[in-house]
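Asker: The following block contains the structure, expressed as structure tokens.
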Amino acid sequence: STLLLLVTVLAACASMLPKTKTESLTFKTFDEARDAIESLVPMHSTVATLSGLGIDPVKLPNTLLLTYADIIKRVVNGSVLQKEDLDPGIVRCLEARSGCRGWELNVASIVKERTGNFWADFFNFSRRTETTGWRFNALILLVDDTVVYRTWGGQPVVNDQEVHSNPLGPLQDVGPSLV
């Protein structure tokens, strides 16, 4: 009975490690975000189309509203490309000057979870963090209320493991604090 109690307590300790979760409010998966952006038809899709897809800078966190100057910095800055080398939507946007605006979307679903031995983590001997999920970004250029250009990128699969080892555990940082 004592052994069963000890095993239960040790198993429950792992669930006491911290966990952080960041979720997208609009898109549940990377593919869903990609499909939404790819469904936009340059020169035809409108702000109403974007809103119908859940893409609204007021409602979608982490969306940057880009000015004409921001767009020039992102698209042409220091480039040796000629006008004919650029996508027609980008050219139309640049020609529209102040009628051109952009939205940069940064969407993610990330889970950071500390795993491993609770006591080693608690006493700072070893901390292991697993990060999983996905990150998505997109650039949408608009002239007036019409999408003229869209592109996307990101990480369809995030799977990182970070391990910090401190052989002296809680005493690891004592030396520098004494100095």
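Quick note on naming: the chains in the structure tokens go A, B, ... in the order shown, residues restart at 1 in each chain, and ligands are numbered from 1 in order of appearance.
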Considering only C-alpha atoms, return as a list in words whatever protein or nucleic-acid residues lie within 10 Å of A:Pro42, sequence-local ones (same chain, fewer than 6 positions apart) excluded.

Answerer: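 Within the cut-off, the hits are Pro88, Gly89, Ile140, Leu141, Leu142, Thr146, Val147, Val148, Tyr149 and Arg150 of chain A.
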
Asker: Apply DSSP to the structure's backbone, then extract all residues of stretch 2-179 of chain A labelled strand (DSSP E) and return them as number ranges by chain.

Answerer: A: 19-22, 63-66, 100-115, 126-143, 146-165

Asker: Restricted to C-alpha atoms, what would the selected residues look like written as a PDB file, in the first residue's frame?

Answerer:
```
ATOM      1  CA  LYS A  19       2.730  23.715 -19.814  1.00  0.00           C
ATOM      2  CA  THR A  20       2.134  26.699 -22.118  1.00  0.00           C
ATOM      3  CA  LYS A  21      -0.304  26.723 -25.015  1.00  0.00           C
ATOM      4  CA  THR A  22      -0.748  29.292 -27.796  1.00  0.00           C
ATOM      5  CA  THR A  63      -1.754  40.788 -37.812  1.00  0.00           C
ATOM      6  CA  LEU A  64       0.421  43.687 -38.907  1.00  0.00           C
ATOM      7  CA  LEU A  65      -1.146  46.479 -40.932  1.00  0.00           C
ATOM      8  CA  LEU A  66       1.447  47.549 -43.481  1.00  0.00           C
ATOM      9  CA  CYS A 100      -1.875  50.201 -51.496  1.00  0.00           C
ATOM     10  CA  ARG A 101      -1.894  48.542 -48.102  1.00  0.00           C
ATOM     11  CA  GLY A 102      -0.876  45.192 -46.755  1.00  0.00           C
ATOM     12  CA  TRP A 103      -1.714  42.704 -44.060  1.00  0.00           C
ATOM     13  CA  GLU A 104       0.946  40.429 -42.628  1.00  0.00           C
ATOM     14  CA  LEU A 105      -0.564  37.485 -40.769  1.00  0.00           C
ATOM     15  CA  ASN A 106       1.358  35.571 -38.137  1.00  0.00           C
ATOM     16  CA  VAL A 107      -0.673  32.631 -36.843  1.00  0.00           C
ATOM     17  CA  ALA A 108       0.491  29.736 -34.681  1.00  0.00           C
ATOM     18  CA  SER A 109      -0.588  26.850 -32.560  1.00  0.00           C
ATOM     19  CA  ILE A 110       2.273  26.050 -30.191  1.00  0.00           C
ATOM     20  CA  VAL A 111       2.447  23.890 -27.071  1.00  0.00           C
ATOM     21  CA  LYS A 112       5.483  24.131 -24.769  1.00  0.00           C
ATOM     22  CA  GLU A 113       5.541  21.377 -22.207  1.00  0.00           C
ATOM     23  CA  ARG A 114       8.162  20.591 -19.591  1.00  0.00           C
ATOM     24  CA  THR A 115       8.675  16.853 -19.448  1.00  0.00           C
ATOM     25  CA  SER A 126      17.641  19.117 -15.414  1.00  0.00           C
ATOM     26  CA  ARG A 127      14.848  20.800 -17.318  1.00  0.00           C
ATOM     27  CA  ARG A 128      13.479  19.449 -20.563  1.00  0.00           C
ATOM     28  CA  THR A 129      11.013  21.430 -22.682  1.00  0.00           C
ATOM     29  CA  GLU A 130       9.239  19.997 -25.708  1.00  0.00           C
ATOM     30  CA  THR A 131       7.753  22.466 -28.195  1.00  0.00           C
ATOM     31  CA  THR A 132       5.239  21.177 -30.742  1.00  0.00           C
ATOM     32  CA  GLY A 133       2.717  22.672 -33.134  1.00  0.00           C
ATOM     33  CA  TRP A 134       2.897  24.873 -36.239  1.00  0.00           C
ATOM     34  CA  ARG A 135       3.578  28.472 -37.334  1.00  0.00           C
ATOM     35  CA  PHE A 136       2.080  30.174 -40.378  1.00  0.00           C
ATOM     36  CA  ASN A 137       2.630  33.574 -41.964  1.00  0.00           C
ATOM     37  CA  ALA A 138       1.123  35.266 -44.974  1.00  0.00           C
ATOM     38  CA  LEU A 139       1.374  38.541 -46.827  1.00  0.00           C
ATOM     39  CA  ILE A 140      -1.725  39.989 -48.474  1.00  0.00           C
ATOM     40  CA  LEU A 141      -1.510  43.166 -50.560  1.00  0.00           C
ATOM     41  CA  LEU A 142      -4.631  45.173 -51.286  1.00  0.00           C
ATOM     42  CA  VAL A 143      -5.405  48.070 -53.596  1.00  0.00           C
ATOM     43  CA  THR A 146      -9.248  44.210 -53.673  1.00  0.00           C
ATOM     44  CA  VAL A 147      -6.575  41.578 -53.043  1.00  0.00           C
ATOM     45  CA  VAL A 148      -3.857  42.030 -55.673  1.00  0.00           C
ATOM     46  CA  TYR A 149      -1.209  39.679 -54.238  1.00  0.00           C
ATOM     47  CA  ARG A 150      -0.947  36.954 -51.635  1.00  0.00           C
ATOM     48  CA  THR A 151       1.793  34.619 -50.526  1.00  0.00           C
ATOM     49  CA  TRP A 152       2.357  32.373 -47.517  1.00  0.00           C
ATOM     50  CA  GLY A 153       5.032  30.449 -45.636  1.00  0.00           C
ATOM     51  CA  GLY A 154       5.850  29.081 -42.218  1.00  0.00           C
ATOM     52  CA  GLN A 155       6.548  25.853 -40.379  1.00  0.00           C
ATOM     53  CA  PRO A 156       3.957  23.115 -40.923  1.00  0.00           C
ATOM     54  CA  VAL A 157       5.491  21.058 -38.121  1.00  0.00           C
ATOM     55  CA  VAL A 158       7.331  22.391 -35.083  1.00  0.00           C
ATOM     56  CA  ASN A 159       8.996  19.758 -32.925  1.00  0.00           C
ATOM     57  CA  ASP A 160      11.831  21.061 -30.754  1.00  0.00           C
ATOM     58  CA  GLN A 161      13.377  19.674 -27.599  1.00  0.00           C
ATOM     59  CA  GLU A 162      15.392  21.873 -25.294  1.00  0.00           C
ATOM     60  CA  VAL A 163      17.372  20.402 -22.397  1.00  0.00           C
ATOM     61  CA  HIS A 164      19.093  22.470 -19.687  1.00  0.00           C
ATOM     62  CA  SER A 165      21.423  20.622 -17.339  1.00  0.00           C
TER      63      SER A 165
END
```

Asker: Hey, which of A:Thr67, A:Thr49, A:Asn117, A:Asn77 ends up closest to A:Gly99? Count only C-alpha atoms.

Answerer: A:Thr67

Asker: Measuring atom to atom with only C-alpha atoms, identify which of A:Glu32, A:Asp145, A:Asp173, A:Asp56 is nearest to A:Phe125.

Answerer: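 Counting only C-alpha atoms, the residue closest to A:Phe125 is A:Asp173.
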
Asker: Calculated over only C-alpha atoms, which of the candidates A:Glu84, A:Glu95, A:Asp144, A:Asp121 has the smallest distance to A:Pro18?

Answerer: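 Residue with the minimum atom-to-atom distance to A:Pro18: A:Asp121.
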
Asker: Please, what distance in Å, to one decimal, runs between atom CA of A:Val80 and atom CA of A:Arg97?

Answerer: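 So the two atoms, atom CA of A:Val80 and atom CA of A:Arg97, lie 20.1 Å apart.
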
Asker: Mind listing the alpha helix (DSSP H) residues of stretch 66-120 of chain A, per DSSP on the backbone, as a short mmCIF file (atom, residue, chain, number, x, y, z; two decimals) with N, CA and C atoms, in the first residue's frame?

Answerer:
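Result file is result-v5.cif:
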```cif
data_model
loop_
_atom_site.label_atom_id
_atom_site.label_comp_id
_atom_site.auth_asym_id
_atom_site.auth_seq_id
_atom_site.Cartn_x
_atom_site.Cartn_y
_atom_site.Cartn_z
N TYR A 68 2.27 51.74 -47.21
CA TYR A 68 2.96 51.71 -48.50
C TYR A 68 4.48 51.64 -48.28
N ALA A 69 4.98 52.43 -47.34
CA ALA A 69 6.43 52.43 -47.05
C ALA A 69 6.88 51.07 -46.52
N ASP A 70 6.08 50.43 -45.66
CA ASP A 70 6.41 49.09 -45.15
C ASP A 70 6.49 48.08 -46.30
N ILE A 71 5.55 48.19 -47.22
CA ILE A 71 5.50 47.26 -48.36
C ILE A 71 6.73 47.44 -49.25
N ILE A 72 7.11 48.68 -49.50
CA ILE A 72 8.31 48.93 -50.31
C ILE A 72 9.53 48.31 -49.63
N LYS A 73 9.65 48.47 -48.31
CA LYS A 73 10.79 47.88 -47.58
C LYS A 73 10.81 46.36 -47.71
N ARG A 74 9.65 45.73 -47.64
CA ARG A 74 9.58 44.27 -47.69
C ARG A 74 9.78 43.71 -49.11
N VAL A 75 9.26 44.42 -50.09
CA VAL A 75 9.22 43.87 -51.44
C VAL A 75 10.39 44.31 -52.32
N PRO A 88 2.67 40.80 -61.05
CA PRO A 88 1.79 41.89 -61.48
C PRO A 88 1.01 42.53 -60.32
N GLY A 89 0.67 41.74 -59.32
CA GLY A 89 -0.04 42.28 -58.16
C GLY A 89 0.82 43.24 -57.35
N ILE A 90 2.10 42.91 -57.22
CA ILE A 90 3.02 43.79 -56.51
C ILE A 90 3.18 45.10 -57.29
N VAL A 91 3.32 44.99 -58.61
CA VAL A 91 3.46 46.19 -59.45
C VAL A 91 2.23 47.07 -59.30
N ARG A 92 1.04 46.45 -59.37
CA ARG A 92 -0.20 47.22 -59.22
C ARG A 92 -0.24 47.92 -57.87
N CYS A 93 0.18 47.24 -56.85
CA CYS A 93 0.19 47.82 -55.50
C CYS A 93 1.15 49.01 -55.44
N LEU A 94 2.34 48.83 -55.97
CA LEU A 94 3.33 49.91 -55.94
C LEU A 94 2.86 51.12 -56.75
N GLU A 95 2.20 50.87 -57.86
CA GLU A 95 1.69 51.96 -58.68
C GLU A 95 0.54 52.70 -58.01
N ALA A 96 -0.20 52.02 -57.14
CA ALA A 96 -1.33 52.63 -56.44
C ALA A 96 -0.87 53.56 -55.31
N PHE A 118 10.04 15.28 -12.35
CA PHE A 118 9.56 16.45 -11.62
C PHE A 118 10.62 16.96 -10.63
N TRP A 119 11.22 16.05 -9.87
CA TRP A 119 12.16 16.48 -8.83
C TRP A 119 13.43 17.07 -9.43
N ALA A 120 13.95 16.50 -10.52
CA ALA A 120 15.13 17.05 -11.19
C ALA A 120 14.81 18.44 -11.74
#
```

Asker: Atom CA of A:Leu53 to atom CA of A:Glu38: how many Å, to one decimal?

Answerer: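 These two atoms are separated by 11.3 Å.
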
Asker: Compile the contact shell of A:Leu25 as a list in words: residues with an atom at most 9 Å away, counting only C-alpha atoms, same-chain residues fewer than 4 positions apart removed.

Answerer: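 Counting only C-alpha atoms, the residues come to Lys59, Leu60, Pro61 and Val107 of chain A.
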
Asker: With all heavy atoms retained, export the selected residues as a PDB file, in the first residue's frame.

Answerer:
```pdb
ATOM      1  N   LYS A  59      -9.856  41.378 -35.681  1.00  0.00           N
ATOM      2  CA  LYS A  59     -10.227  40.176 -34.921  1.00  0.00           C
ATOM      3  C   LYS A  59      -9.127  39.127 -34.857  1.00  0.00           C
ATOM      4  O   LYS A  59      -9.154  38.261 -34.001  1.00  0.00           O
ATOM      5  CB  LYS A  59     -11.482  39.553 -35.527  1.00  0.00           C
ATOM      6  CG  LYS A  59     -12.691  40.450 -35.456  1.00  0.00           C
ATOM      7  CD  LYS A  59     -13.875  39.814 -36.142  1.00  0.00           C
ATOM      8  CE  LYS A  59     -15.063  40.771 -36.140  1.00  0.00           C
ATOM      9  NZ  LYS A  59     -16.159  40.287 -36.969  1.00  0.00           N
ATOM     10  N   LEU A  60      -8.182  39.171 -35.799  1.00  0.00           N
ATOM     11  CA  LEU A  60      -7.128  38.162 -35.857  1.00  0.00           C
ATOM     12  C   LEU A  60      -5.862  38.703 -35.208  1.00  0.00           C
ATOM     13  O   LEU A  60      -5.208  39.591 -35.746  1.00  0.00           O
ATOM     14  CB  LEU A  60      -6.858  37.785 -37.321  1.00  0.00           C
ATOM     15  CG  LEU A  60      -5.912  36.615 -37.583  1.00  0.00           C
ATOM     16  CD1 LEU A  60      -6.442  35.338 -36.960  1.00  0.00           C
ATOM     17  CD2 LEU A  60      -5.718  36.417 -39.073  1.00  0.00           C
ATOM     18  N   PRO A  61      -5.515  38.187 -34.025  1.00  0.00           N
ATOM     19  CA  PRO A  61      -4.313  38.683 -33.333  1.00  0.00           C
ATOM     20  C   PRO A  61      -3.051  38.483 -34.174  1.00  0.00           C
ATOM     21  O   PRO A  61      -3.003  37.623 -35.034  1.00  0.00           O
ATOM     22  CB  PRO A  61      -4.244  37.819 -32.072  1.00  0.00           C
ATOM     23  CG  PRO A  61      -5.575  37.196 -31.926  1.00  0.00           C
ATOM     24  CD  PRO A  61      -6.166  37.111 -33.305  1.00  0.00           C
ATOM     25  N   VAL A 107       0.250  33.496 -37.567  1.00  0.00           N
ATOM     26  CA  VAL A 107      -0.673  32.631 -36.843  1.00  0.00           C
ATOM     27  C   VAL A 107       0.102  31.401 -36.382  1.00  0.00           C
ATOM     28  O   VAL A 107       0.961  30.895 -37.101  1.00  0.00           O
ATOM     29  CB  VAL A 107      -1.840  32.205 -37.760  1.00  0.00           C
ATOM     30  CG1 VAL A 107      -2.874  31.417 -36.995  1.00  0.00           C
ATOM     31  CG2 VAL A 107      -2.482  33.424 -38.414  1.00  0.00           C
TER      32      VAL A 107
END
```

Asker: Work out how far atom CA of A:Gly52 is from atom CA of A:Phe27, in Å to one decimal.

Answerer: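 One can read the atom CA of A:Phe27 to atom CA of A:Gly52 distance as 12.8 Å.
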